[in-house]
$ cat coords17.cif   # mmCIF, C-alpha atoms; chains and numbers go by the auth columns
data_coords
loop_
_atom_site.group_PDB
_atom_site.id
_atom_site.type_symbol
_atom_site.label_atom_id
_atom_site.label_comp_id
_atom_site.label_asym_id
_atom_site.label_seq_id
_atom_site.Cartn_x
_atom_site.Cartn_y
_atom_site.Cartn_z
_atom_site.B_iso_or_equiv
_atom_site.auth_seq_id
_atom_site.auth_asym_id
ATOM 1 C CA MET A 1 -155.259 -12.560 -67.638 0.00 100 R
ATOM 2 C CA ASN A 2 -151.999 -13.477 -69.351 0.00 101 R
ATOM 3 C CA ARG A 3 -152.547 -14.666 -72.885 0.00 102 R
ATOM 4 C CA LEU A 4 -148.903 -14.932 -73.910 0.00 103 R
ATOM 5 C CA PRO A 5 -146.903 -18.045 -72.974 0.00 104 R
ATOM 6 C CA ASP A 6 -144.430 -17.743 -70.096 0.00 105 R
ATOM 7 C CA LEU A 7 -141.287 -18.001 -72.252 0.00 106 R
ATOM 8 C CA LEU A 8 -142.404 -15.227 -74.582 0.00 107 R
ATOM 9 C CA ARG A 9 -143.470 -13.093 -71.607 0.00 108 R
ATOM 10 C CA MET A 10 -140.025 -13.520 -70.047 0.00 109 R
ATOM 11 C CA VAL A 11 -138.199 -12.609 -73.268 0.00 110 R
ATOM 12 C CA LEU A 12 -140.360 -9.537 -73.886 0.00 111 R
ATOM 13 C CA ARG A 13 -139.829 -8.377 -70.307 0.00 112 R
ATOM 14 C CA ASP A 14 -136.113 -9.199 -70.013 0.00 113 R
ATOM 15 C CA PHE A 15 -134.801 -8.426 -73.518 0.00 114 R
ATOM 16 C CA CYS A 16 -137.340 -6.095 -75.141 0.00 115 R
ATOM 17 C CA PHE A 17 -138.166 -3.579 -72.423 0.00 116 R
ATOM 18 C CA VAL A 18 -138.005 -0.076 -73.870 0.00 117 R
ATOM 19 C CA GLU A 19 -135.451 1.179 -71.319 0.00 118 R
ATOM 20 C CA TRP A 20 -132.946 -1.669 -71.789 0.00 119 R
ATOM 21 C CA TYR A 21 -133.709 -3.037 -75.236 0.00 120 R
ATOM 22 C CA GLU A 22 -131.266 -5.942 -75.704 0.00 121 R
ATOM 23 C CA VAL A 23 -132.526 -7.782 -78.765 0.00 122 R
ATOM 24 C CA SER A 24 -129.067 -7.873 -80.358 0.00 123 R
ATOM 25 C CA GLU A 25 -127.767 -9.598 -77.221 0.00 124 R
ATOM 26 C CA LEU A 26 -130.645 -12.070 -77.399 0.00 125 R
ATOM 27 C CA ALA A 27 -129.863 -12.729 -81.063 0.00 126 R
ATOM 28 C CA ALA A 28 -126.208 -13.407 -80.209 0.00 127 R
ATOM 29 C CA LEU A 29 -127.201 -15.826 -77.440 0.00 128 R
ATOM 30 C CA VAL A 30 -129.580 -17.660 -79.776 0.00 129 R
ATOM 31 C CA LYS A 31 -127.010 -17.805 -82.571 0.00 130 R
ATOM 32 C CA THR A 32 -124.305 -19.236 -80.294 0.00 131 R
ATOM 33 C CA GLY A 33 -126.687 -21.604 -78.522 0.00 132 R
ATOM 34 C CA GLN A 34 -126.089 -19.970 -75.149 0.00 133 R
ATOM 35 C CA VAL A 35 -129.710 -19.278 -74.245 0.00 134 R
ATOM 36 C CA LYS A 36 -130.999 -21.178 -71.256 0.00 135 R
ATOM 37 C CA PHE A 37 -134.324 -21.903 -72.928 0.00 136 R
ATOM 38 C CA ASP A 38 -135.630 -23.565 -76.073 0.00 137 R
ATOM 39 C CA ALA A 39 -134.953 -21.069 -78.897 0.00 138 R
ATOM 40 C CA ASP A 40 -137.153 -23.024 -81.316 0.00 139 R
ATOM 41 C CA LEU A 41 -140.024 -22.745 -78.861 0.00 140 R
ATOM 42 C CA LEU A 42 -139.460 -18.989 -78.604 0.00 141 R
ATOM 43 C CA GLU A 43 -139.537 -18.684 -82.389 0.00 142 R
ATOM 44 C CA ARG A 44 -142.838 -20.601 -82.528 0.00 143 R
ATOM 45 C CA GLN A 45 -144.324 -18.513 -79.723 0.00 144 R
ATOM 46 C CA LEU A 46 -143.335 -15.252 -81.423 0.00 145 R
ATOM 47 C CA THR A 47 -144.936 -16.419 -84.656 0.00 146 R
ATOM 48 C CA GLU A 48 -148.093 -17.574 -82.881 0.00 147 R
ATOM 49 C CA ALA A 49 -148.371 -14.250 -81.016 0.00 148 R
ATOM 50 C CA ILE A 50 -147.997 -12.314 -84.256 0.00 149 R
ATOM 51 C CA GLU A 51 -150.702 -14.378 -85.924 0.00 150 R
ATOM 52 C CA ILE A 52 -153.202 -14.516 -83.020 0.00 151 R
ATOM 53 C CA HIS A 53 -156.627 -13.129 -83.895 0.00 152 R
ATOM 54 C CA GLU A 54 -157.205 -11.265 -80.632 0.00 153 R
ATOM 55 C CA PHE A 55 -153.736 -9.787 -80.175 0.00 154 R
ATOM 56 C CA PRO A 56 -152.923 -9.030 -76.496 0.00 155 R
ATOM 57 C CA LEU A 57 -151.890 -5.401 -77.047 0.00 156 R
ATOM 58 C CA GLY A 58 -152.185 -4.378 -73.401 0.00 157 R
ATOM 59 C CA GLU A 59 -150.063 -7.289 -72.250 0.00 158 R
ATOM 60 C CA VAL A 60 -147.324 -6.530 -74.804 0.00 159 R
ATOM 61 C CA ASN A 61 -147.310 -2.856 -73.804 0.00 160 R
ATOM 62 C CA GLU A 62 -147.087 -3.797 -70.123 0.00 161 R
ATOM 63 C CA LEU A 63 -144.232 -6.277 -70.627 0.00 162 R
ATOM 64 C CA THR A 64 -142.170 -4.002 -72.871 0.00 163 R
ATOM 65 C CA GLY A 65 -142.974 -0.557 -71.519 0.00 164 R
ATOM 66 C CA GLU A 66 -143.902 0.439 -75.065 0.00 165 R
ATOM 67 C CA GLU A 67 -147.024 2.374 -75.929 0.00 166 R
ATOM 68 C CA PHE A 68 -148.191 0.766 -79.147 0.00 167 R
ATOM 69 C CA GLU A 69 -151.466 2.331 -80.201 0.00 168 R
ATOM 70 C CA SER A 70 -152.664 -0.584 -82.291 0.00 169 R
ATOM 71 C CA SER A 71 -152.248 -4.314 -82.594 0.00 170 R
ATOM 72 C CA ASP A 72 -150.871 -3.823 -86.100 0.00 171 R
ATOM 73 C CA ASP A 73 -148.066 -1.602 -84.749 0.00 172 R
ATOM 74 C CA ALA A 74 -147.200 -4.155 -82.074 0.00 173 R
ATOM 75 C CA ARG A 75 -147.324 -7.012 -84.585 0.00 174 R
ATOM 76 C CA SER A 76 -144.952 -5.166 -86.926 0.00 175 R
ATOM 77 C CA TRP A 77 -142.570 -4.554 -84.040 0.00 176 R
ATOM 78 C CA MET A 78 -142.691 -8.228 -83.007 0.00 177 R
ATOM 79 C CA LYS A 79 -141.947 -9.238 -86.601 0.00 178 R
ATOM 80 C CA GLU A 80 -138.845 -7.024 -86.483 0.00 179 R
ATOM 81 C CA VAL A 81 -137.784 -8.616 -83.192 0.00 180 R
ATOM 82 C CA ARG A 82 -138.281 -12.071 -84.689 0.00 181 R
ATOM 83 C CA THR A 83 -136.189 -11.129 -87.737 0.00 182 R
ATOM 84 C CA GLN A 84 -133.433 -9.645 -85.564 0.00 183 R
ATOM 85 C CA VAL A 85 -133.262 -12.704 -83.329 0.00 184 R
ATOM 86 C CA PHE A 86 -133.734 -15.452 -85.883 0.00 185 R
ATOM 87 C CA GLY A 87 -132.504 -13.493 -88.915 0.00 186 R
ATOM 88 C CA LEU A 88 -130.967 -15.527 -91.671 0.00 187 R
ATOM 89 C CA TYR A 89 -132.214 -18.866 -90.501 0.00 188 R
ATOM 90 C CA TYR A 90 -135.778 -17.787 -89.884 0.00 189 R
ATOM 91 C CA ARG A 91 -137.862 -20.462 -91.610 0.00 190 R
ATOM 92 C CA LYS A 92 -141.197 -18.755 -92.263 0.00 191 R
#
$ encode --input "coords17.cif" --output "structure tokens"
Amino acid sequence: MNRLPDLLRMVLRDFCFVEWYEVSELAALVKTGQVKFDADLLERQLTEAIEIHEFPLGEVNELTGEEFESSDDARSWMKEVRTQVFGLYYRK
């Protein structure tokens, strides 16, 4: 069962996969407004995923090819991704 929203799933799979990690490219697309999706929605979904009580660790590992051993490790990583992508204008 997928617990993450489709947009976040797509971004984790397409930009955050361990073998072709492209978060800096994602950040550049967001900054220049060239993403073909709602960047504000992605920011909200990242924040919601980080804060979810029952964190979907298995789903994140599957989408990214990572092998996080705990939800806390995955949450910390997602916080770094959020900071890299939304950096200076991150509002929370």
$ closest_residue --input "coords17.cif" --among "R:Lys130, R:Arg143, R:Lys135, R:Arg112" --to "Gly164 of chain R" --atoms "all atoms listed in the file"
R:Arg112
$ residues_around --input "coords17.cif" --residues "segment 144-157 of chain R" --least-positions-apart "6" --cutoff "9 Å" --atoms "all atoms listed in the file" --output "ChimeraX atom specification"
/R:101-104,106-107,166-171,173-175,177-178,180-181,191
$ write_last_selection --input "coords17.cif" --atoms "C-alpha atoms" --output "CSV table (one decimal), in the frame of the given file"
chain,number,residue,atom,x,y,z
R,101,ASN,CA,-152.0,-13.5,-69.4
R,102,ARG,CA,-152.5,-14.7,-72.9
R,103,LEU,CA,-148.9,-14.9,-73.9
R,104,PRO,CA,-146.9,-18.0,-73.0
R,106,LEU,CA,-141.3,-18.0,-72.3
R,107,LEU,CA,-142.4,-15.2,-74.6
R,166,GLU,CA,-147.0,2.4,-75.9
R,167,PHE,CA,-148.2,0.8,-79.1
R,168,GLU,CA,-151.5,2.3,-80.2
R,169,SER,CA,-152.7,-0.6,-82.3
R,170,SER,CA,-152.2,-4.3,-82.6
R,171,ASP,CA,-150.9,-3.8,-86.1
R,173,ALA,CA,-147.2,-4.2,-82.1
R,174,ARG,CA,-147.3,-7.0,-84.6
R,175,SER,CA,-145.0,-5.2,-86.9
R,177,MET,CA,-142.7,-8.2,-83.0
R,178,LYS,CA,-141.9,-9.2,-86.6
R,180,VAL,CA,-137.8,-8.6,-83.2
R,181,ARG,CA,-138.3,-12.1,-84.7
R,191,LYS,CA,-141.2,-18.8,-92.3
$ resolve_selection --input "coords17.cif" --expression "the PyMOL selection byres ((chain R and resi 162) around 9)" --output "JSON, numbers by chain"
{"R": [108, 109, 111, 112, 113, 115, 116, 157, 158, 159, 160, 161, 163, 164, 165]}
$ atom_distance --input "coords17.cif" --atom1 "atom CA of Asp105 of chain R" --atom2 "atom CA of Glu179 of chain R"
20.4 Å
$ atom_distance --input "coords17.cif" --atom1 "atom CA of Glu118 of chain R" --atom2 "atom CA of Asp137 of chain R"
25.2 Å
$ atom_distance --input "coords17.cif" --atom1 "atom CA of Thr131 of chain R" --atom2 "atom CA of Trp176 of chain R"
23.7 Å
$ residues_around --input "coords17.cif" --residues "Val184 of chain R" --least-positions-apart "3" --cutoff "8 Å" --atoms "only C-alpha atoms" --output "list of chain:residue names"
R:Val122, R:Ser123, R:Leu125, R:Ala126, R:Ala127, R:Val129, R:Val180, R:Arg181
$ write_last_selection --input "coords17.cif" --atoms "C-alpha atoms" --output "CSV table (one decimal), in the frame of the given file"
chain,number,residue,atom,x,y,z
R,122,VAL,CA,-132.5,-7.8,-78.8
R,123,SER,CA,-129.1,-7.9,-80.4
R,125,LEU,CA,-130.6,-12.1,-77.4
R,126,ALA,CA,-129.9,-12.7,-81.1
R,127,ALA,CA,-126.2,-13.4,-80.2
R,129,VAL,CA,-129.6,-17.7,-79.8
R,180,VAL,CA,-137.8,-8.6,-83.2
R,181,ARG,CA,-138.3,-12.1,-84.7
